[in-house]
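To keep things clear, I will list the structure first and then write my remarks on it.
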Amino acid sequence: MKGKLFYLGLLVSFVISAAAHYLQWNHTVQFVISAIAVVFVAGFLGKATESVAHYAGERMGGFLNATFGNAAELIIAIFLVKDGLFDVVKASLTGSIIGNLLLVLGLSVFAGGLKYKEQSFNVKLASHNSSLMLLGVIALFIPAVFARGLTTKETSSMSMIVAILLVAAYLLWLLFSMVTHKNILSDEAIEHGEPAWSKKTSILFLILATAMVAFTSEWLVGTLEEVTHRFGLSELFVGAFLIAIIGNAAEHSAAVMMAMKNKMGAAVEIAIGSSLQIALFVAPVLVLVSFLMGGTPMNIVFSTYELAAIGVAVFITKSISQDGSTNWYEGLLLMIVYIILGVVFFLV
Amino acid sequence: MKGKLFYLGLLVSFVISAAAHYLQWNHTVQFVISAIAVVFVAGFLGKATESVAHYAGERMGGFLNATFGNAAELIIAIFLVKDGLFDVVKASLTGSIIGNLLLVLGLSVFAGGLKYKEQSFNVKLASHNSSLMLLGVIALFIPAVFARGLTTKETSSMSMIVAILLVAAYLLWLLFSMVTHKNILSDEAIEHGEPAWSKKTSILFLILATAMVAFTSEWLVGTLEEVTHRFGLSELFVGAFLIAIIGNAAEHSAAVMMAMKNKMGAAVEIAIGSSLQIALFVAPVLVLVSFLMGGTPMNIVFSTYELAAIGVAVFITKSISQDGSTNWYEGLLLMIVYIILGVVFFLV
Amino acid sequence: MKGKLFYLGLLVSFVISAAAHYLQWNHTVQFVISAIAVVFVAGFLGKATESVAHYAGERMGGFLNATFGNAAELIIAIFLVKDGLFDVVKASLTGSIIGNLLLVLGLSVFAGGLKYKEQSFNVKLASHNSSLMLLGVIALFIPAVFARGLTTKETSSMSMIVAILLVAAYLLWLLFSMVTHKNILSDEAIEHGEPAWSKKTSILFLILATAMVAFTSEWLVGTLEEVTHRFGLSELFVGAFLIAIIGNAAEHSAAVMMAMKNKMGAAVEIAIGSSLQIALFVAPVLVLVSFLMGGTPMNIVFSTYELAAIGVAVFITKSISQDGSTNWYEGLLLMIVYIILGVVFFLV
């Protein structure tokens, strides 16, 4: 979807979902419309971030892209945290991670692999990414194992400390990959092209887009509970599949397009980078935000189901990406694991 | 055992085990004799499959070898399914997987490593195999984790869907490895040599061998329960060690012989390929067969013990095979893990 | 700390801790002083071992270094076993393994990485080490999984058998790495330099150092229980962090110094080699020793917490070391995991 059509869609979907919200239309209708609006405004936020990043210079721009890349998901999640829907938050974080690793990467590798026999990318990048992903898995796995022996208060302390350590690890990773070891990891860069707007407009649009994401996210989250019950879905399934797919739609199309242009390195960076950001930045930030909000804070303890899903996704991605080359069958494997997880999350 | 001696053994063991069965000899005697007969007829079935595969042309032949390679185990397992001995089935599938990965591969690597200092094989093949094995582990692990939260009916649905996905993954793997990416994975081919018989005789022998496997398997399975109780063994141990070793005897000798001829690629292909077939083809086919048979269907939920054994076997094999070279100590490591598993399965 | 200062520290700390013990000073004071003494005498034992190893010739010397390398920890642990403090023993073994993999290696990689952009070492060594570490994890994981289904007596049998298999695996590993495949694994050797003493003095000092370690260990262990209770610490935390750090201080400084001299291969060998020795040699030897001591023997079943910590440490180390090169960020990752584990062990 490019150019005018995109902005038309953005405007129309936003206006209609606003109408749906304030005129209190049927909840299911509200949910569907605001979901569409979220996809558009998340895309808009992505464009605005990229444009501002362009003007901010290489280093600061990279930092902006890296921290605002999942802004839409972060904002949606903050509204969920505000409503105390911690289980949905964790499910949606889980869903983002496995969605990026299995669906986005799987589809990219599969689609790219049908066009090109073998696609390759920087092995060093893959190796570093997989060590970082492992840190993410460990940082979620350890608290879950030990939480059984802890009081609620101890669990809160543990969550805070682990969250701070993860954010520190993430910020130092940016330092590492953008400053001290920039050249080692550089691959075909993600194509950015010329910015669409002037500097001033870009900043204005970034603020506007953030606001639009905030509104539509609130509308979406507001109808969530009723829709969940109406269709007999579990919070786990809604969070891990519906919310995650809606919040990540922009990354999906970008990664697949990169793969089709034989820029597998960029596709891998989008998919794995995005799930790294969720695990090492978005998740701990949400824990810290919930502490600042007062009330019962959200802990960092994920359920066995969620950990199993994340663990499995990381291991199969690690196994497939570690040789630095991909083919259609590897993409298929990733997608099959995603479907299996979808089936069991739906049934549970 | 070659030539005439083999056929003599085949004939004698088959006739005696038939006598033992119909004359209702002592159950332990029946068990031992039919076990020996199964080893022979499984070997015969292997030869017949290979010979038919030779005449069927390269592609169709590869397919035949790949799907009939574990025919003996499949037939034994079908009789176990028919008798409702689901736990023994799962134990024997577990035993086949760990037996191939740890015992067959371990012995091949060890024996080959004593003769040659370092043996090597196609790294790409190893990498693909290990991703596939990981899919197998995931496809058994996920249902086990989620089954705790499911009703019997939901578990059945899940088992069916996962089984269908695995069979699809396996068939597409054949497409990948035999059609679209044939050259990338080719290594020293498994030695086939000239077929022993004419085309007609081969087909006739294939039918005959299948029938003989079916008979001897039924005889073997029929005495299983009493022997298990008589010697105070658990179904887990009998399935995972006795049945699995009996059903895989042919692969064992073939793989070790390849390793001794310094064709480690072929040995790896037999051992890992065979366990892949069990996890991605035989296991799901048995689930589907049990659905078609009516009655209580067999689900795909393996026990914690079985999953631990399979997981451990896959991880150590992956770790050892991923550099594409082997030595005697790596073979020893595999065998030590097999012995540890044997000890704990025996004690449980 | 070199030369005269070291021996002064050794003498003074030993004498004072003897005084503290026999004059029955305050327990906390006794604990602190004997901990300092243990660090010195462990360092002394290390020097003496190295010196004797020098005179013993290359092969026998390598064997001495490999088996006496963790002598201090072994002696401390034997006193713990004697007092029936099995949980502290297992916690301290866990702590040694994760301390070597995460803290020692992490600090070495981090410190070396700040000085040199990229440091590299023999990939073959890393690959073999990680397969061996995996065996260690498996050999601790399997008994823990299966122990739930076993009686105490069966658990003892299992522990004995697994312990014997591990010691055998370790001895054969020495055969492999020092005899049959010496050249494949050789890297920059750990710097030994000239021995400090004559042959006779070296042997005398080895005996003296062993005796001193035995005394100070007994004094340290004797005050452990009261200190643990006084400060409200868990046995798990004391064993896994305090005891482990005290017992491994010598390795810590040696590995970091190697890394700073850009001899990353040597640093990796010290850190990973030492944890291998704990998992495959010290742990099973302690099980066997407890059998010989009579009374209730110690089994090889570690707690879920301990297994989670060891598993996590091995996986992240494997992931980081498998490409044969390191940088500061990888060191940081290891240390972050160590801190996370420290926090949760402290809270539990």
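FYI, nothing fancy with the structure tokens labels: chains A, B, ... in order, residues from 1 per chain, ligands from 1 as they appear.
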
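Within 8 Å of region 235-242 of chain A, once only C-alpha atoms are used and residues closer than 6 positions along the same chain are dropped, the contacting residues are Asp87, Val88, Val89, Lys90, Ala91, Ser92, Leu93, Thr94, Gly95, Ser96, Gly99, Thr228, Gly342, Phe345 and Phe346 of chain A.
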
Serialized selection, N, CA and C atoms, as a compact mmCIF listing (two decimals), in the first residue's frame:
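again_1.txt, written as the output of this step:
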# COMPACT_ATOMS: atom_id res chain seq x y z
N ASP A 87 -2.26 -10.37 32.15
CA ASP A 87 -2.15 -11.61 31.39
C ASP A 87 -2.19 -11.38 29.89
N VAL A 88 -3.03 -10.42 29.49
CA VAL A 88 -3.10 -10.11 28.06
C VAL A 88 -1.80 -9.45 27.61
N VAL A 89 -1.23 -8.59 28.46
CA VAL A 89 0.05 -7.96 28.13
C VAL A 89 1.11 -9.01 27.86
N LYS A 90 1.23 -9.93 28.82
CA LYS A 90 2.28 -10.95 28.67
C LYS A 90 2.01 -11.82 27.44
N ALA A 91 0.73 -12.15 27.23
CA ALA A 91 0.39 -12.94 26.06
C ALA A 91 0.75 -12.18 24.79
N SER A 92 0.51 -10.85 24.79
CA SER A 92 0.79 -10.11 23.55
C SER A 92 2.29 -9.94 23.33
N LEU A 93 3.05 -9.84 24.43
CA LEU A 93 4.51 -9.80 24.28
C LEU A 93 5.01 -11.14 23.73
N THR A 94 4.47 -12.22 24.31
CA THR A 94 4.81 -13.55 23.80
C THR A 94 4.49 -13.65 22.32
N GLY A 95 3.28 -13.19 22.00
CA GLY A 95 2.84 -13.26 20.61
C GLY A 95 3.71 -12.44 19.68
N SER A 96 4.18 -11.28 20.15
CA SER A 96 5.06 -10.46 19.32
C SER A 96 6.37 -11.17 19.04
N GLY A 99 5.63 -14.24 16.92
CA GLY A 99 5.15 -13.77 15.62
C GLY A 99 6.29 -13.27 14.76
N THR A 228 -13.49 -10.92 23.54
CA THR A 228 -12.90 -12.18 23.99
C THR A 228 -13.98 -13.13 24.50
N GLY A 342 -0.20 -21.88 17.34
CA GLY A 342 -1.52 -21.26 17.18
C GLY A 342 -2.62 -22.24 17.58
N PHE A 345 -2.56 -22.85 21.46
CA PHE A 345 -3.02 -21.66 22.18
C PHE A 345 -4.53 -21.49 22.01
N PHE A 346 -5.03 -21.82 20.83
CA PHE A 346 -6.46 -21.70 20.59
C PHE A 346 -7.23 -22.71 21.44

Mobile chain B placed on reference chain A by ordered C-alpha fit, as a CSV table (one decimal) with C-alpha atoms, in the first residue's frame:
chain,number,residue,atom,x,y,z
B,1,MET,CA,-0.2,0.1,-0.1
B,2,LYS,CA,1.7,3.2,-1.0
B,3,GLY,CA,1.3,7.0,-1.2
B,4,LYS,CA,-2.2,8.5,-1.4
B,5,LEU,CA,-4.1,5.3,-0.9
B,6,PHE,CA,-2.3,4.7,2.4
B,7,TYR,CA,-3.1,8.2,3.8
B,8,LEU,CA,-6.7,7.8,2.7
B,9,GLY,CA,-6.9,4.5,4.5
B,10,LEU,CA,-5.2,6.0,7.6
B,11,LEU,CA,-7.7,8.9,7.7
B,12,VAL,CA,-10.8,7.0,7.0
B,13,SER,CA,-10.1,4.1,9.4
B,14,PHE,CA,-9.1,6.6,12.1
B,15,VAL,CA,-12.3,8.7,11.7
B,16,ILE,CA,-14.6,5.7,11.5
B,17,SER,CA,-13.0,4.0,14.5
B,18,ALA,CA,-13.4,7.3,16.4
B,19,ALA,CA,-17.0,7.4,15.4
B,20,ALA,CA,-17.5,3.8,16.4
B,21,HIS,CA,-16.0,4.5,19.8
B,22,TYR,CA,-17.8,7.7,20.7
B,23,LEU,CA,-21.1,6.6,19.2
B,24,GLN,CA,-20.8,3.3,21.1
B,25,TRP,CA,-21.4,1.0,18.1
B,26,ASN,CA,-21.5,-2.7,18.6
B,27,HIS,CA,-18.4,-3.9,20.3
B,28,THR,CA,-17.4,-6.5,17.7
B,29,VAL,CA,-17.6,-3.8,15.0
B,30,GLN,CA,-15.6,-1.4,17.2
B,31,PHE,CA,-13.0,-4.0,17.7
B,32,VAL,CA,-12.6,-4.8,14.0
B,33,ILE,CA,-12.5,-1.2,12.9
B,34,SER,CA,-10.1,-0.1,15.6
B,35,ALA,CA,-7.9,-3.0,14.7
B,36,ILE,CA,-7.7,-1.8,11.1
B,37,ALA,CA,-7.0,1.7,12.3
B,38,VAL,CA,-4.2,0.4,14.5
B,39,VAL,CA,-2.5,-1.2,11.5
B,40,PHE,CA,-2.6,2.1,9.6
B,41,VAL,CA,-1.5,4.4,12.4
B,42,ALA,CA,1.3,1.9,13.4
B,43,GLY,CA,2.4,2.1,9.8
B,44,PHE,CA,2.2,5.9,9.9
B,45,LEU,CA,4.2,6.0,13.1
B,46,GLY,CA,6.9,3.8,11.5
B,47,LYS,CA,7.2,6.2,8.6
B,48,ALA,CA,7.4,9.2,10.8
B,49,THR,CA,10.0,7.6,13.1
B,50,GLU,CA,12.1,6.8,10.0
B,51,SER,CA,11.9,10.2,8.7
B,52,VAL,CA,12.8,11.9,12.0
B,53,ALA,CA,15.6,9.3,12.3
B,54,HIS,CA,16.9,10.4,8.9
B,55,TYR,CA,17.3,14.0,10.0
B,56,ALA,CA,18.7,13.0,13.4
B,57,GLY,CA,21.9,11.7,11.9
B,58,GLU,CA,23.1,8.2,11.7
B,59,ARG,CA,23.8,7.3,15.3
B,60,MET,CA,20.9,9.1,16.9
B,61,GLY,CA,18.7,7.9,14.1
B,62,GLY,CA,19.7,4.3,14.6
B,63,PHE,CA,18.9,4.8,18.3
B,64,LEU,CA,15.5,6.2,17.4
B,65,ASN,CA,14.7,3.4,15.1
B,66,ALA,CA,15.8,0.9,17.6
B,67,THR,CA,13.7,2.3,20.5
B,68,PHE,CA,10.7,3.5,18.6
B,69,GLY,CA,10.5,0.5,16.4
B,70,ASN,CA,7.9,-1.2,18.6
B,71,ALA,CA,6.3,2.0,19.8
B,72,ALA,CA,2.9,0.9,18.7
B,73,GLU,CA,3.1,-2.3,20.7
B,74,LEU,CA,4.5,-0.5,23.6
B,75,ILE,CA,1.6,2.0,23.6
B,76,ILE,CA,-1.1,-0.7,23.2
B,77,ALA,CA,0.6,-2.6,26.1
B,78,ILE,CA,0.6,0.5,28.3
B,79,PHE,CA,-3.1,0.7,28.0
B,80,LEU,CA,-3.5,-2.9,28.8
B,81,VAL,CA,-1.2,-2.4,31.9
B,82,LYS,CA,-3.4,0.6,32.9
B,83,ASP,CA,-6.5,-1.6,32.8
B,84,GLY,CA,-4.6,-4.3,34.9
B,85,LEU,CA,-4.9,-6.8,32.0
B,86,PHE,CA,-1.4,-8.2,32.9
B,87,ASP,CA,-2.2,-11.6,31.4
B,88,VAL,CA,-3.1,-10.1,28.0
B,89,VAL,CA,0.0,-7.9,28.1
B,90,LYS,CA,2.3,-10.9,28.6
B,91,ALA,CA,0.4,-12.9,26.1
B,92,SER,CA,0.8,-10.1,23.5
B,93,LEU,CA,4.5,-9.8,24.3
B,94,THR,CA,4.8,-13.6,23.8
B,95,GLY,CA,2.8,-13.3,20.6
B,96,SER,CA,5.0,-10.5,19.3
B,97,ILE,CA,8.2,-12.5,19.9
B,98,ILE,CA,7.0,-15.7,18.4
B,99,GLY,CA,5.2,-13.8,15.6
B,100,ASN,CA,8.3,-12.0,14.6
B,101,LEU,CA,10.6,-15.1,14.9
B,102,LEU,CA,8.2,-17.6,13.3
B,103,LEU,CA,5.6,-15.9,11.2
B,104,VAL,CA,7.5,-12.8,9.9
B,105,LEU,CA,10.8,-14.5,9.5
B,106,GLY,CA,9.3,-17.7,8.3
B,107,LEU,CA,7.2,-16.0,5.7
B,108,SER,CA,10.2,-13.9,4.6
B,109,VAL,CA,12.5,-16.9,4.3
B,110,PHE,CA,9.8,-18.9,2.5
B,111,ALA,CA,8.8,-16.2,0.1
B,112,GLY,CA,12.4,-15.3,-0.6
B,113,GLY,CA,13.4,-18.9,-0.9
B,114,LEU,CA,10.8,-19.6,-3.6
B,115,LYS,CA,12.4,-16.9,-5.7
B,116,TYR,CA,16.1,-17.5,-4.9
B,117,LYS,CA,17.5,-20.9,-4.3
B,118,GLU,CA,19.7,-19.9,-1.4
B,119,GLN,CA,19.8,-16.5,0.5
B,120,SER,CA,22.6,-15.5,2.8
B,121,PHE,CA,23.3,-12.9,5.4
B,122,ASN,CA,26.1,-11.9,7.9
B,123,VAL,CA,26.8,-14.9,10.1
B,124,LYS,CA,28.3,-12.7,12.9
B,125,LEU,CA,25.0,-10.8,13.1
B,126,ALA,CA,23.1,-14.0,13.4
B,127,SER,CA,25.4,-15.3,16.1
B,128,HIS,CA,25.2,-12.1,18.1
B,129,ASN,CA,21.4,-12.0,17.7
B,130,SER,CA,21.0,-15.5,18.9
B,131,SER,CA,23.1,-14.9,22.0
B,132,LEU,CA,21.0,-11.9,22.8
B,133,MET,CA,17.8,-13.9,22.2
B,134,LEU,CA,19.1,-16.5,24.6
B,135,LEU,CA,19.6,-13.8,27.2
B,136,GLY,CA,16.0,-12.8,26.6
B,137,VAL,CA,14.8,-16.4,27.1
B,138,ILE,CA,17.0,-16.8,30.2
B,139,ALA,CA,15.7,-13.5,31.7
B,140,LEU,CA,12.1,-14.7,31.3
B,141,PHE,CA,12.8,-18.4,32.2
B,142,ILE,CA,14.8,-17.8,35.5
B,143,PRO,CA,12.1,-15.7,37.2
B,144,ALA,CA,9.4,-18.2,36.3
B,145,VAL,CA,11.4,-21.1,37.7
B,146,PHE,CA,12.3,-19.3,40.9
B,147,ALA,CA,8.9,-17.5,41.4
B,148,ARG,CA,7.4,-20.7,42.9
B,149,GLY,CA,9.6,-20.2,45.9
B,150,LEU,CA,9.1,-16.5,46.4
B,151,THR,CA,6.5,-14.3,48.1
B,152,THR,CA,4.6,-11.7,46.0
B,153,LYS,CA,6.8,-9.0,47.4
B,154,GLU,CA,10.0,-10.9,46.6
B,155,THR,CA,8.7,-11.5,43.1
B,156,SER,CA,8.1,-7.8,42.6
B,157,SER,CA,11.7,-7.1,43.7
B,158,MET,CA,13.1,-9.7,41.4
B,159,SER,CA,11.0,-8.4,38.5
B,160,MET,CA,12.3,-4.8,39.1
B,161,ILE,CA,15.9,-5.9,39.2
B,162,VAL,CA,15.7,-8.2,36.2
B,163,ALA,CA,13.9,-5.5,34.3
B,164,ILE,CA,16.6,-2.9,35.1
B,165,LEU,CA,19.3,-5.4,34.1
B,166,LEU,CA,17.6,-6.1,30.8
B,167,VAL,CA,17.1,-2.5,29.9
B,168,ALA,CA,20.8,-1.9,30.7
B,169,ALA,CA,21.8,-4.9,28.5
B,170,TYR,CA,19.7,-3.5,25.7
B,171,LEU,CA,21.2,0.0,25.9
B,172,LEU,CA,24.7,-1.4,26.0
B,173,TRP,CA,23.8,-3.6,23.0
B,174,LEU,CA,22.9,-0.4,21.1
B,175,LEU,CA,26.3,1.0,22.2
B,176,PHE,CA,28.0,-2.1,21.0
B,177,SER,CA,26.3,-2.5,17.7
B,178,MET,CA,26.1,1.2,16.8
B,179,VAL,CA,29.4,2.5,18.2
B,180,THR,CA,32.1,0.1,19.3
B,181,HIS,CA,31.5,-2.8,16.8
B,182,LYS,CA,29.5,-1.1,14.1
B,183,ASN,CA,31.5,-2.5,11.2
B,184,ILE,CA,31.6,-6.1,12.3
B,185,LEU,CA,27.8,-6.4,12.3
B,186,SER,CA,27.0,-4.2,9.3
B,187,ASP,CA,25.2,-6.0,6.6
B,188,GLU,CA,23.1,-4.8,3.7
B,189,ALA,CA,21.4,-1.9,5.5
B,190,ILE,CA,17.7,-1.8,5.7
B,191,GLU,CA,16.6,0.4,2.8
B,192,HIS,CA,15.5,3.8,4.0
B,193,GLY,CA,15.5,6.0,0.9
B,194,GLU,CA,14.8,9.7,1.0
B,195,PRO,CA,12.6,11.0,3.8
B,196,ALA,CA,9.0,11.8,2.7
B,197,TRP,CA,8.8,15.1,4.6
B,198,SER,CA,10.7,18.1,5.8
B,199,LYS,CA,12.3,18.0,9.2
B,200,LYS,CA,9.6,20.1,10.8
B,201,THR,CA,6.8,18.1,9.3
B,202,SER,CA,8.5,14.8,10.3
B,203,ILE,CA,8.6,15.8,14.0
B,204,LEU,CA,5.0,17.1,13.8
B,205,PHE,CA,3.9,13.8,12.2
B,206,LEU,CA,5.8,11.8,14.8
B,207,ILE,CA,3.9,13.5,17.5
B,208,LEU,CA,0.6,13.2,15.6
B,209,ALA,CA,1.2,9.5,14.9
B,210,THR,CA,2.0,8.8,18.5
B,211,ALA,CA,-1.2,10.5,19.6
B,212,MET,CA,-3.2,8.6,17.0
B,213,VAL,CA,-1.6,5.3,18.1
B,214,ALA,CA,-2.5,6.1,21.7
B,215,PHE,CA,-6.1,6.8,20.8
B,216,THR,CA,-6.8,3.8,18.6
B,217,SER,CA,-5.0,1.6,21.0
B,218,GLU,CA,-7.2,2.7,23.8
B,219,TRP,CA,-10.3,2.1,21.7
B,220,LEU,CA,-9.0,-1.3,20.7
B,221,VAL,CA,-8.2,-2.4,24.2
B,222,GLY,CA,-11.5,-1.0,25.5
B,223,THR,CA,-13.5,-3.6,23.5
B,224,LEU,CA,-11.1,-6.4,24.0
B,225,GLU,CA,-12.7,-8.1,27.0
B,226,GLU,CA,-16.2,-8.2,25.6
B,227,VAL,CA,-15.0,-9.6,22.2
B,228,THR,CA,-12.9,-12.2,24.0
B,229,HIS,CA,-15.9,-13.4,25.9
B,230,ARG,CA,-18.4,-13.2,23.0
B,231,PHE,CA,-16.3,-15.5,20.8
B,232,GLY,CA,-15.2,-17.8,23.7
B,233,LEU,CA,-11.6,-17.0,23.1
B,234,SER,CA,-8.9,-17.2,25.8
B,235,GLU,CA,-7.0,-14.1,26.8
B,236,LEU,CA,-3.9,-16.1,25.9
B,237,PHE,CA,-5.0,-16.6,22.3
B,238,VAL,CA,-6.3,-13.0,21.8
B,239,GLY,CA,-3.1,-11.5,23.2
B,240,ALA,CA,-0.7,-13.9,21.6
B,241,PHE,CA,-2.3,-14.0,18.1
B,242,LEU,CA,-4.8,-11.3,17.5
B,243,ILE,CA,-3.1,-8.3,19.3
B,244,ALA,CA,0.3,-9.5,18.2
B,245,ILE,CA,-0.5,-9.7,14.5
B,246,ILE,CA,-2.3,-6.4,14.5
B,247,GLY,CA,0.6,-4.7,16.3
B,248,ASN,CA,3.2,-6.2,14.0
B,249,ALA,CA,1.5,-5.8,10.6
B,250,ALA,CA,3.9,-3.1,9.5
B,251,GLU,CA,7.1,-5.2,10.2
B,252,HIS,CA,5.5,-8.2,8.5
B,253,SER,CA,5.2,-6.5,5.1
B,254,ALA,CA,8.5,-4.7,5.4
B,255,ALA,CA,10.5,-7.9,6.1
B,256,VAL,CA,8.8,-9.9,3.4
B,257,MET,CA,9.5,-7.2,0.9
B,258,MET,CA,13.2,-7.2,1.8
B,259,ALA,CA,13.4,-10.9,1.4
B,260,MET,CA,11.8,-10.7,-2.0
B,261,LYS,CA,14.5,-8.2,-3.0
B,262,ASN,CA,17.1,-10.8,-1.9
B,263,LYS,CA,18.1,-8.6,1.1
B,264,MET,CA,17.8,-11.4,3.6
B,265,GLY,CA,20.1,-9.6,6.1
B,266,ALA,CA,17.6,-6.8,6.3
B,267,ALA,CA,14.7,-9.1,6.7
B,268,VAL,CA,16.4,-11.0,9.5
B,269,GLU,CA,17.3,-7.7,11.2
B,270,ILE,CA,13.7,-6.6,11.1
B,271,ALA,CA,12.3,-9.8,12.4
B,272,ILE,CA,14.9,-10.9,15.0
B,273,GLY,CA,15.7,-7.3,15.9
B,274,SER,CA,12.0,-6.6,16.6
B,275,SER,CA,11.6,-9.6,18.9
B,276,LEU,CA,14.8,-8.8,20.7
B,277,GLN,CA,13.4,-5.3,21.3
B,278,ILE,CA,10.3,-6.8,22.8
B,279,ALA,CA,12.1,-9.2,25.1
B,280,LEU,CA,14.9,-6.9,26.2
B,281,PHE,CA,13.3,-3.5,26.1
B,282,VAL,CA,9.5,-3.4,25.8
B,283,ALA,CA,8.8,-6.2,28.4
B,284,PRO,CA,11.1,-4.8,31.1
B,285,VAL,CA,9.9,-1.2,30.4
B,286,LEU,CA,6.3,-2.3,30.9
B,287,VAL,CA,7.3,-3.8,34.2
B,288,LEU,CA,9.0,-0.6,35.3
B,289,VAL,CA,6.0,1.5,34.0
B,290,SER,CA,3.6,-0.6,36.0
B,291,PHE,CA,5.7,0.1,39.1
B,292,LEU,CA,5.5,3.9,38.4
B,293,MET,CA,1.7,3.7,37.9
B,294,GLY,CA,1.2,2.6,41.5
B,295,GLY,CA,-1.3,-0.1,42.3
B,296,THR,CA,-0.4,-3.8,42.0
B,297,PRO,CA,2.7,-3.8,39.8
B,298,MET,CA,3.1,-6.3,36.9
B,299,ASN,CA,5.7,-8.9,37.5
B,300,ILE,CA,8.0,-10.5,34.9
B,301,VAL,CA,6.8,-14.0,35.5
B,302,PHE,CA,5.4,-15.5,32.3
B,303,SER,CA,3.3,-18.7,32.3
B,304,THR,CA,4.7,-22.1,31.4
B,305,TYR,CA,2.8,-22.0,28.1
B,306,GLU,CA,4.3,-18.6,27.1
B,307,LEU,CA,7.8,-19.7,28.1
B,308,ALA,CA,7.4,-22.9,26.1
B,309,ALA,CA,6.3,-21.0,23.1
B,310,ILE,CA,9.1,-18.4,23.4
B,311,GLY,CA,11.8,-21.0,24.1
B,312,VAL,CA,10.7,-23.2,21.1
B,313,ALA,CA,10.6,-20.1,18.8
B,314,VAL,CA,14.1,-19.0,19.8
B,315,PHE,CA,15.6,-22.5,19.5
B,316,ILE,CA,14.3,-23.2,16.1
B,317,THR,CA,15.2,-19.7,14.8
B,318,LYS,CA,18.7,-20.1,16.3
B,319,SER,CA,19.1,-23.5,14.6
B,320,ILE,CA,18.0,-22.2,11.3
B,321,SER,CA,19.8,-18.9,11.2
B,322,GLN,CA,23.1,-19.9,12.6
B,323,ASP,CA,24.7,-21.0,9.3
B,324,GLY,CA,23.9,-17.6,7.7
B,325,SER,CA,21.9,-19.0,4.8
B,326,THR,CA,18.3,-19.8,4.3
B,327,ASN,CA,16.0,-21.6,1.8
B,328,TRP,CA,12.3,-22.1,1.4
B,329,TYR,CA,12.1,-25.3,3.5
B,330,GLU,CA,13.6,-23.5,6.5
B,331,GLY,CA,10.9,-20.8,6.2
B,332,LEU,CA,8.3,-23.5,6.0
B,333,LEU,CA,9.6,-25.1,9.2
B,334,LEU,CA,9.3,-21.8,11.1
B,335,MET,CA,5.7,-21.4,9.9
B,336,ILE,CA,4.8,-25.0,10.8
B,337,VAL,CA,6.0,-24.3,14.4
B,338,TYR,CA,3.9,-21.1,14.4
B,339,ILE,CA,0.8,-23.0,13.3
B,340,ILE,CA,1.3,-25.7,15.9
B,341,LEU,CA,1.6,-23.0,18.6
B,342,GLY,CA,-1.5,-21.3,17.2
B,343,VAL,CA,-3.5,-24.5,17.4
B,344,VAL,CA,-2.5,-25.3,21.0
B,345,PHE,CA,-3.0,-21.7,22.2
B,346,PHE,CA,-6.4,-21.7,20.6
B,347,LEU,CA,-7.4,-25.0,22.2
B,348,VAL,CA,-6.1,-24.2,25.7

**OP:** Using DSSP on the backbone coordinates, identify all residues within region 223-316 of chain C classified as helix (DSSP H, G or I); present the result as a PyMOL selection string.
**Re:** chain C and resi 223-230+235-260+264-292+304-316
